[in-house]
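Below: work37.pdb (PDB, C-alpha atoms)
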```pdb
ATOM      1  CA  MET A  17       0.000   0.000   0.000  1.00  0.00           C
ATOM      2  CA  LEU A  18       2.766   2.471   0.817  1.00  0.00           C
ATOM      3  CA  GLY A  19       4.780   1.616  -2.300  1.00  0.00           C
ATOM      4  CA  PRO A  20       2.553   3.467  -4.813  1.00  0.00           C
ATOM      5  CA  LEU A  21       2.091   6.433  -2.472  1.00  0.00           C
ATOM      6  CA  THR A  22       5.822   6.702  -1.864  1.00  0.00           C
ATOM      7  CA  ALA A  23       6.512   6.647  -5.613  1.00  0.00           C
ATOM      8  CA  LEU A  24       3.787   9.256  -6.195  1.00  0.00           C
ATOM      9  CA  PHE A  25       4.863  11.765  -3.551  1.00  0.00           C
ATOM     10  CA  TRP A  26       8.624  11.154  -3.582  1.00  0.00           C
ATOM     11  CA  PRO A  27       9.569  10.588  -7.223  1.00  0.00           C
ATOM     12  CA  ALA A  28      13.298  10.616  -6.382  1.00  0.00           C
ATOM     13  CA  ASN A  29      12.808   7.260  -4.674  1.00  0.00           C
ATOM     14  CA  ARG A  30      11.529   5.562  -7.807  1.00  0.00           C
ATOM     15  CA  ARG A  31      10.653   2.232  -6.414  1.00  0.00           C
ATOM     16  CA  THR A  32       8.635  -0.218  -8.405  1.00  0.00           C
ATOM     17  CA  PRO A  33       5.344  -1.059  -6.688  1.00  0.00           C
ATOM     18  CA  ALA A  34       4.803  -4.537  -5.327  1.00  0.00           C
ATOM     19  CA  GLY A  35       2.881  -5.622  -8.431  1.00  0.00           C
ATOM     20  CA  GLY A  36       5.909  -4.887 -10.673  1.00  0.00           C
ATOM     21  CA  ALA A  37       4.237  -2.014 -12.600  1.00  0.00           C
ATOM     22  CA  SER A  38       6.166   1.236 -13.024  1.00  0.00           C
ATOM     23  CA  VAL A  39       4.896   4.746 -12.287  1.00  0.00           C
ATOM     24  CA  SER A  40       2.853   6.225 -15.146  1.00  0.00           C
ATOM     25  CA  PRO A  41       4.624   8.819 -17.376  1.00  0.00           C
ATOM     26  CA  ALA A  42       2.029  11.473 -16.465  1.00  0.00           C
ATOM     27  CA  LEU A  43       2.926  11.167 -12.811  1.00  0.00           C
ATOM     28  CA  ALA A  44       6.631  11.077 -13.550  1.00  0.00           C
ATOM     29  CA  ASN A  45       6.481  14.562 -15.170  1.00  0.00           C
ATOM     30  CA  LEU A  46       4.893  16.251 -12.156  1.00  0.00           C
ATOM     31  CA  GLY A  47       8.220  17.440 -10.759  1.00  0.00           C
ATOM     32  CA  THR A  48       9.661  20.922 -11.204  1.00  0.00           C
ATOM     33  CA  GLN A  49      10.177  22.134 -14.745  1.00  0.00           C
ATOM     34  CA  SER A  50      13.231  24.068 -15.923  1.00  0.00           C
ATOM     35  CA  ARG A  51      11.434  26.083 -18.631  1.00  0.00           C
ATOM     36  CA  LYS A  52      12.114  29.811 -18.791  1.00  0.00           C
ATOM     37  CA  PRO A  53       9.134  32.234 -18.863  1.00  0.00           C
ATOM     38  CA  VAL A  54       8.280  33.795 -22.215  1.00  0.00           C
ATOM     39  CA  VAL A  55       9.036  37.525 -22.283  1.00  0.00           C
ATOM     40  CA  ARG A  56       7.339  39.728 -24.878  1.00  0.00           C
ATOM     41  CA  ASP A  57       7.495  43.444 -25.574  1.00  0.00           C
ATOM     42  CA  VAL A  58       4.054  44.959 -25.071  1.00  0.00           C
ATOM     43  CA  LYS A  59       3.309  48.554 -26.012  1.00  0.00           C
ATOM     44  CA  ALA A  60       0.314  50.718 -25.139  1.00  0.00           C
ATOM     45  CA  GLU A  61      -0.215  51.412 -28.843  1.00  0.00           C
ATOM     46  CA  ASP A  62      -1.099  47.754 -29.366  1.00  0.00           C
ATOM     47  CA  TYR A  63      -4.367  48.140 -27.434  1.00  0.00           C
ATOM     48  CA  ALA A  64      -7.507  49.965 -28.493  1.00  0.00           C
ATOM     49  CA  THR A  65      -8.415  53.188 -26.692  1.00  0.00           C
ATOM     50  CA  PRO A  66     -11.914  54.630 -26.201  1.00  0.00           C
ATOM     51  CA  GLU A  67     -11.283  57.196 -28.947  1.00  0.00           C
ATOM     52  CA  LYS A  68     -10.698  54.394 -31.452  1.00  0.00           C
ATOM     53  CA  TYR A  69     -14.030  52.857 -30.478  1.00  0.00           C
ATOM     54  CA  LEU A  70     -15.807  56.143 -31.186  1.00  0.00           C
ATOM     55  CA  GLU A  71     -14.470  56.611 -34.716  1.00  0.00           C
ATOM     56  CA  GLY A  72     -17.369  56.206 -37.102  1.00  0.00           C
ATOM     57  CA  ALA A  73     -19.858  55.448 -34.312  1.00  0.00           C
ATOM     58  CA  GLU A  74     -23.328  56.767 -34.935  1.00  0.00           C
ATOM     59  CA  ILE A  75     -23.865  57.460 -31.243  1.00  0.00           C
ATOM     60  CA  PRO A  76     -21.250  57.563 -28.468  1.00  0.00           C
ATOM     61  CA  THR A  77     -20.388  54.277 -26.795  1.00  0.00           C
ATOM     62  CA  PHE A  78     -18.161  55.753 -24.083  1.00  0.00           C
ATOM     63  CA  TYR A  79     -18.657  58.888 -22.008  1.00  0.00           C
ATOM     64  CA  GLN A  80     -18.205  60.284 -18.542  1.00  0.00           C
ATOM     65  CA  PHE A  81     -19.899  63.144 -16.759  1.00  0.00           C
ATOM     66  CA  GLN A  82     -20.599  64.577 -13.333  1.00  0.00           C
ATOM     67  CA  SER A  83     -23.967  65.361 -11.789  1.00  0.00           C
ATOM     68  CA  ASN A  84     -24.662  67.257  -8.586  1.00  0.00           C
ATOM     69  CA  LEU A  85     -27.424  67.377  -5.998  1.00  0.00           C
ATOM     70  CA  VAL A  86     -30.180  69.909  -6.681  1.00  0.00           C
ATOM     71  CA  ALA A  87     -30.285  72.420  -3.808  1.00  0.00           C
ATOM     72  CA  ASP A  88     -33.504  72.850  -1.840  1.00  0.00           C
ATOM     73  CA  GLU A  89     -34.129  76.341  -3.253  1.00  0.00           C
ATOM     74  CA  ASP A  90     -33.868  75.004  -6.836  1.00  0.00           C
ATOM     75  CA  LEU A  91     -36.355  72.138  -6.392  1.00  0.00           C
ATOM     76  CA  LYS A  92     -39.415  72.159  -8.635  1.00  0.00           C
ATOM     77  CA  PRO A  93     -42.737  70.433  -7.878  1.00  0.00           C
ATOM     78  CA  GLY A  94     -42.419  66.687  -8.400  1.00  0.00           C
ATOM     79  CA  MET A  95     -38.676  66.540  -7.659  1.00  0.00           C
ATOM     80  CA  VAL A  96     -37.515  64.312  -4.814  1.00  0.00           C
ATOM     81  CA  ARG A  97     -35.547  66.190  -2.132  1.00  0.00           C
ATOM     82  CA  ASN A  98     -31.973  64.932  -1.551  1.00  0.00           C
ATOM     83  CA  LEU A  99     -32.304  62.452  -4.432  1.00  0.00           C
ATOM     84  CA  GLU A 100     -32.632  64.710  -7.494  1.00  0.00           C
ATOM     85  CA  VAL A 101     -29.595  65.707  -9.584  1.00  0.00           C
ATOM     86  CA  ASP A 102     -28.938  68.407 -12.151  1.00  0.00           C
ATOM     87  CA  LYS A 103     -27.929  65.937 -14.888  1.00  0.00           C
ATOM     88  CA  ARG A 104     -29.488  62.468 -14.987  1.00  0.00           C
ATOM     89  CA  LEU A 105     -27.725  59.431 -16.394  1.00  0.00           C
ATOM     90  CA  THR A 106     -29.862  58.479 -19.402  1.00  0.00           C
ATOM     91  CA  LEU A 107     -29.603  54.845 -20.510  1.00  0.00           C
ATOM     92  CA  PRO A 108     -31.417  52.710 -23.094  1.00  0.00           C
ATOM     93  CA  THR A 109     -33.702  49.845 -22.136  1.00  0.00           C
ATOM     94  CA  ARG A 110     -33.364  46.312 -23.527  1.00  0.00           C
ATOM     95  CA  THR A 111     -29.593  46.765 -23.962  1.00  0.00           C
ATOM     96  CA  HIS A 112     -26.659  45.240 -22.120  1.00  0.00           C
ATOM     97  CA  ILE A 113     -24.858  48.053 -20.284  1.00  0.00           C
ATOM     98  CA  ARG A 114     -21.388  47.916 -18.741  1.00  0.00           C
ATOM     99  CA  PHE A 115     -20.304  50.440 -16.110  1.00  0.00           C
ATOM    100  CA  LEU A 116     -16.631  51.120 -15.438  1.00  0.00           C
ATOM    101  CA  VAL A 117     -16.524  52.739 -11.994  1.00  0.00           C
ATOM    102  CA  THR A 118     -13.613  54.452 -10.237  1.00  0.00           C
ATOM    103  CA  GLY A 119     -13.120  57.150  -7.619  1.00  0.00           C
ATOM    104  CA  GLN A 120     -10.996  60.287  -7.580  1.00  0.00           C
ATOM    105  CA  ASP A 121     -10.611  61.157  -3.919  1.00  0.00           C
ATOM    106  CA  VAL A 122     -11.852  58.551  -1.396  1.00  0.00           C
ATOM    107  CA  LEU A 123     -13.852  55.316  -1.406  1.00  0.00           C
ATOM    108  CA  HIS A 124     -17.365  55.723  -2.752  1.00  0.00           C
ATOM    109  CA  SER A 125     -20.001  53.160  -3.658  1.00  0.00           C
ATOM    110  CA  PHE A 126     -22.079  53.418  -6.836  1.00  0.00           C
ATOM    111  CA  SER A 127     -25.429  51.992  -5.790  1.00  0.00           C
ATOM    112  CA  VAL A 128     -28.818  51.887  -7.526  1.00  0.00           C
ATOM    113  CA  PRO A 129     -30.754  49.237  -5.554  1.00  0.00           C
ATOM    114  CA  SER A 130     -33.801  49.124  -7.844  1.00  0.00           C
ATOM    115  CA  LEU A 131     -31.514  48.045 -10.708  1.00  0.00           C
ATOM    116  CA  GLY A 132     -29.575  45.604  -8.539  1.00  0.00           C
ATOM    117  CA  ILE A 133     -26.347  47.574  -8.955  1.00  0.00           C
ATOM    118  CA  LYS A 134     -23.785  48.207  -6.235  1.00  0.00           C
ATOM    119  CA  THR A 135     -20.031  48.463  -6.673  1.00  0.00           C
ATOM    120  CA  ASP A 136     -17.198  50.265  -4.951  1.00  0.00           C
ATOM    121  CA  ALA A 137     -15.558  53.287  -6.536  1.00  0.00           C
ATOM    122  CA  THR A 138     -11.958  52.969  -5.394  1.00  0.00           C
ATOM    123  CA  PRO A 139      -9.273  55.494  -6.403  1.00  0.00           C
ATOM    124  CA  GLY A 140      -6.690  53.851  -8.644  1.00  0.00           C
ATOM    125  CA  ARG A 141      -8.879  50.858  -9.520  1.00  0.00           C
ATOM    126  CA  ILE A 142     -11.568  50.287 -12.131  1.00  0.00           C
ATOM    127  CA  ASN A 143     -14.511  48.080 -11.224  1.00  0.00           C
ATOM    128  CA  ARG A 144     -16.788  46.683 -13.914  1.00  0.00           C
ATOM    129  CA  ILE A 145     -20.457  45.947 -13.395  1.00  0.00           C
ATOM    130  CA  ASN A 146     -23.126  44.967 -15.931  1.00  0.00           C
ATOM    131  CA  THR A 147     -26.845  45.543 -16.053  1.00  0.00           C
ATOM    132  CA  PHE A 148     -29.804  45.009 -18.351  1.00  0.00           C
ATOM    133  CA  ILE A 149     -32.727  47.418 -17.856  1.00  0.00           C
ATOM    134  CA  GLN A 150     -36.018  45.881 -18.949  1.00  0.00           C
ATOM    135  CA  ARG A 151     -38.470  48.733 -18.425  1.00  0.00           C
ATOM    136  CA  GLU A 152     -38.522  52.489 -18.800  1.00  0.00           C
ATOM    137  CA  GLY A 153     -38.522  54.658 -15.714  1.00  0.00           C
ATOM    138  CA  VAL A 154     -36.491  56.708 -13.257  1.00  0.00           C
ATOM    139  CA  PHE A 155     -34.310  54.801 -10.798  1.00  0.00           C
ATOM    140  CA  TYR A 156     -32.807  56.477  -7.723  1.00  0.00           C
ATOM    141  CA  GLY A 157     -29.687  55.520  -5.830  1.00  0.00           C
ATOM    142  CA  GLN A 158     -26.862  57.102  -3.900  1.00  0.00           C
ATOM    143  CA  CYS A 159     -23.349  56.610  -2.608  1.00  0.00           C
ATOM    144  CA  SER A 160     -23.626  53.931   0.057  1.00  0.00           C
ATOM    145  CA  GLU A 161     -20.121  54.271   1.510  1.00  0.00           C
ATOM    146  CA  LEU A 162     -19.152  56.495   4.425  1.00  0.00           C
ATOM    147  CA  CYS A 163     -16.930  58.704   2.329  1.00  0.00           C
ATOM    148  CA  GLY A 164     -16.925  62.042   4.123  1.00  0.00           C
ATOM    149  CA  THR A 165     -18.990  64.910   5.474  1.00  0.00           C
ATOM    150  CA  LEU A 166     -21.248  65.198   2.414  1.00  0.00           C
ATOM    151  CA  HIS A 167     -21.807  61.434   2.164  1.00  0.00           C
ATOM    152  CA  GLY A 168     -25.582  61.761   2.464  1.00  0.00           C
ATOM    153  CA  PHE A 169     -25.702  64.198  -0.456  1.00  0.00           C
ATOM    154  CA  MET A 170     -24.375  62.095  -3.348  1.00  0.00           C
ATOM    155  CA  PRO A 171     -27.454  60.892  -5.228  1.00  0.00           C
ATOM    156  CA  ILE A 172     -27.507  58.926  -8.475  1.00  0.00           C
ATOM    157  CA  VAL A 173     -30.453  59.151 -10.866  1.00  0.00           C
ATOM    158  CA  VAL A 174     -30.742  56.760 -13.811  1.00  0.00           C
ATOM    159  CA  GLU A 175     -33.401  57.520 -16.398  1.00  0.00           C
ATOM    160  CA  ALA A 176     -34.171  54.508 -18.606  1.00  0.00           C
ATOM    161  CA  VAL A 177     -35.714  55.332 -21.972  1.00  0.00           C
ATOM    162  CA  ALA A 178     -36.508  53.466 -25.193  1.00  0.00           C
ATOM    163  CA  PRO A 179     -33.479  52.807 -27.435  1.00  0.00           C
ATOM    164  CA  GLU A 180     -34.835  55.156 -30.121  1.00  0.00           C
ATOM    165  CA  THR A 181     -35.259  57.988 -27.610  1.00  0.00           C
ATOM    166  CA  TYR A 182     -31.793  57.297 -26.226  1.00  0.00           C
ATOM    167  CA  ALA A 183     -30.194  57.502 -29.675  1.00  0.00           C
ATOM    168  CA  ALA A 184     -31.687  60.953 -30.260  1.00  0.00           C
ATOM    169  CA  HIS A 185     -30.707  62.068 -26.750  1.00  0.00           C
ATOM    170  CA  ALA A 186     -27.150  60.765 -27.115  1.00  0.00           C
ATOM    171  CA  ARG A 187     -26.591  62.492 -30.447  1.00  0.00           C
ATOM    172  CA  LYS A 188     -27.709  65.764 -28.923  1.00  0.00           C
ATOM    173  CA  TRP A 189     -26.104  65.776 -25.455  1.00  0.00           C
ATOM    174  CA  TYR A 190     -23.072  63.501 -25.319  1.00  0.00           C
ATOM    175  CA  LYS A 191     -21.045  65.202 -28.031  1.00  0.00           C
ATOM    176  CA  GLU A 192     -20.067  67.911 -25.485  1.00  0.00           C
TER
END
```
Kindly transcribe the structure held in the file into structure tokens.
Amino acid sequence: MLGPLTALFWPANRRTPAGGASVSPALANLGTQSRKPVVRDVKAEDYATPEKYLEGAEIPTFYQFQSNLVADEDLKPGMVRNLEVDKRLTLPTRTHIRFLVTGQDVLHSFSVPSLGIKTDATPGRINRINTFIQREGVFYGQCSELCGTLHGFMPIVVEAVAPETYAAHARKWYKE
């Protein structure tokens, strides 16, 4: 019983098991290998950048923007206090959407619970999260990380519209 185990775990002691059979070649090659790692020259120019993705695109496929909380004195009837922003994130429905989230100053958390989205926004790192919005509507969220004194005043508003409406909106607003 110990013969096969000894040959398996200590290949230097290559004993033949009691039955006379030798150790299989697959098990014999499990020891350390003396291969050198392959080194290749990789340049940043070899990889596509967001600008290359936009060339010839009918509507933008990559953009970033900043929205801010609407102050109490600027609220209009129907707006939700402490959750309304000056520039909503408009997204198409029935489309796979990928968010790339990062932070600039401290830890934040991009969270829209009604869409099932929550990811950390960490400075120096990019987190990816995917979603698929099935219906039109307005979805509210906020930063859900204790990130500083104004933590409670970092709302996120996602407005989901039909793909046709989004295309017209994107052509008009995201070329800024």
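Distance check against A:Val117 using all atoms listed in the file: of A:Ser130, A:Ser83, A:Thr135, A:Gln158, the minimum falls on A:Thr135.
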Exercise. Quick one: everything within 12 Å of stretch 104-106 of chain A, counting all atoms listed in the file, minus sequence neighbours fewer than 3 positions away in the same chain. Send it as a PyMOL selection string.
Key: chain A and resi 79-86+99-101+109+113+115+128+149+152-157+171-179+181-186+189-190
Quiz item: Got a sec: who's within 12 Å of A:Asp121, counting only C-alpha atoms, leaving out chain neighbours fewer than 2 positions off, as a PyMOL selection string?
Solution: chain A and resi 118-119+123-124+137-141+163-164
Quiz item: So how far away is atom CA of A:Leu107 from atom CA of A:Leu131, in Å?
Solution: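 Computed distance, atom CA of A:Leu131 to atom CA of A:Leu107, equals 12.1 Å.
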Practice problem: Taking the file above as input, evaluate the PyMOL selection byres ((chain A and resi 145) around 8) and report the hits as a PyMOL selection string. | Solution: chain A and resi 114-117+133+135+143-144+146-147
Quiz item: Between atom CA of A:Phe126 and atom CA of A:Leu162, what is the spacing in Å?
Solution: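 Separation of atom CA of A:Leu162 and atom CA of A:Phe126: 12.0 Å.
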Who sits within 9 Å of A:Arg97, only C-alpha atoms, same chain under 4 positions skipped, as a PDB file with C-alpha atoms, in the frame of the given file:
```
ATOM      1  CA  VAL A  86     -30.180  69.909  -6.681  1.00  0.00           C
ATOM      2  CA  ALA A  87     -30.285  72.420  -3.808  1.00  0.00           C
ATOM      3  CA  ASP A  88     -33.504  72.850  -1.840  1.00  0.00           C
ATOM      4  CA  LEU A  91     -36.355  72.138  -6.392  1.00  0.00           C
TER       5      LEU A  91
END
```
Quiz item: Suppose you want the space between atom CA of A:Gly132 and atom CA of A:His112; what is it in Å?
Solution: 13.9 Å
Can you complete the atoms of stretch 159-172 of chain A to N, CA and C atoms and list them as a PDB file, in the frame of the given file?
```pdb
ATOM      1  N   CYS A 159     -24.593  57.179  -3.115  1.00  0.00           N
ATOM      2  CA  CYS A 159     -23.349  56.610  -2.608  1.00  0.00           C
ATOM      3  C   CYS A 159     -23.675  55.923  -1.289  1.00  0.00           C
ATOM      4  N   SER A 160     -23.308  54.671  -1.163  1.00  0.00           N
ATOM      5  CA  SER A 160     -23.626  53.931   0.057  1.00  0.00           C
ATOM      6  C   SER A 160     -22.361  53.572   0.840  1.00  0.00           C
ATOM      7  N   GLU A 161     -21.373  54.447   0.769  1.00  0.00           N
ATOM      8  CA  GLU A 161     -20.121  54.271   1.510  1.00  0.00           C
ATOM      9  C   GLU A 161     -19.933  55.507   2.377  1.00  0.00           C
ATOM     10  N   LEU A 162     -19.420  55.345   3.563  1.00  0.00           N
ATOM     11  CA  LEU A 162     -19.152  56.495   4.425  1.00  0.00           C
ATOM     12  C   LEU A 162     -17.883  57.175   3.935  1.00  0.00           C
ATOM     13  N   CYS A 163     -18.058  58.148   3.048  1.00  0.00           N
ATOM     14  CA  CYS A 163     -16.930  58.704   2.329  1.00  0.00           C
ATOM     15  C   CYS A 163     -16.561  60.118   2.758  1.00  0.00           C
ATOM     16  N   GLY A 164     -17.270  60.696   3.683  1.00  0.00           N
ATOM     17  CA  GLY A 164     -16.925  62.042   4.123  1.00  0.00           C
ATOM     18  C   GLY A 164     -18.129  62.789   4.648  1.00  0.00           C
ATOM     19  N   THR A 165     -17.952  64.099   4.851  1.00  0.00           N
ATOM     20  CA  THR A 165     -18.990  64.910   5.474  1.00  0.00           C
ATOM     21  C   THR A 165     -20.233  65.044   4.609  1.00  0.00           C
ATOM     22  N   LEU A 166     -20.090  65.054   3.310  1.00  0.00           N
ATOM     23  CA  LEU A 166     -21.248  65.198   2.414  1.00  0.00           C
ATOM     24  C   LEU A 166     -21.724  63.852   1.869  1.00  0.00           C
ATOM     25  N   HIS A 167     -21.452  62.781   2.611  1.00  0.00           N
ATOM     26  CA  HIS A 167     -21.807  61.434   2.164  1.00  0.00           C
ATOM     27  C   HIS A 167     -23.294  61.304   1.856  1.00  0.00           C
ATOM     28  N   GLY A 168     -24.140  61.882   2.662  1.00  0.00           N
ATOM     29  CA  GLY A 168     -25.582  61.761   2.464  1.00  0.00           C
ATOM     30  C   GLY A 168     -26.111  62.570   1.304  1.00  0.00           C
ATOM     31  N   PHE A 169     -25.250  63.307   0.610  1.00  0.00           N
ATOM     32  CA  PHE A 169     -25.702  64.198  -0.456  1.00  0.00           C
ATOM     33  C   PHE A 169     -25.031  63.854  -1.780  1.00  0.00           C
ATOM     34  N   MET A 170     -24.955  62.557  -2.088  1.00  0.00           N
ATOM     35  CA  MET A 170     -24.375  62.095  -3.348  1.00  0.00           C
ATOM     36  C   MET A 170     -25.366  61.176  -4.054  1.00  0.00           C
ATOM     37  N   PRO A 171     -26.453  61.740  -4.572  1.00  0.00           N
ATOM     38  CA  PRO A 171     -27.454  60.892  -5.228  1.00  0.00           C
ATOM     39  C   PRO A 171     -27.045  60.489  -6.643  1.00  0.00           C
ATOM     40  N   ILE A 172     -27.684  59.421  -7.120  1.00  0.00           N
ATOM     41  CA  ILE A 172     -27.507  58.926  -8.475  1.00  0.00           C
ATOM     42  C   ILE A 172     -28.905  58.747  -9.054  1.00  0.00           C
TER      43      ILE A 172
END
```
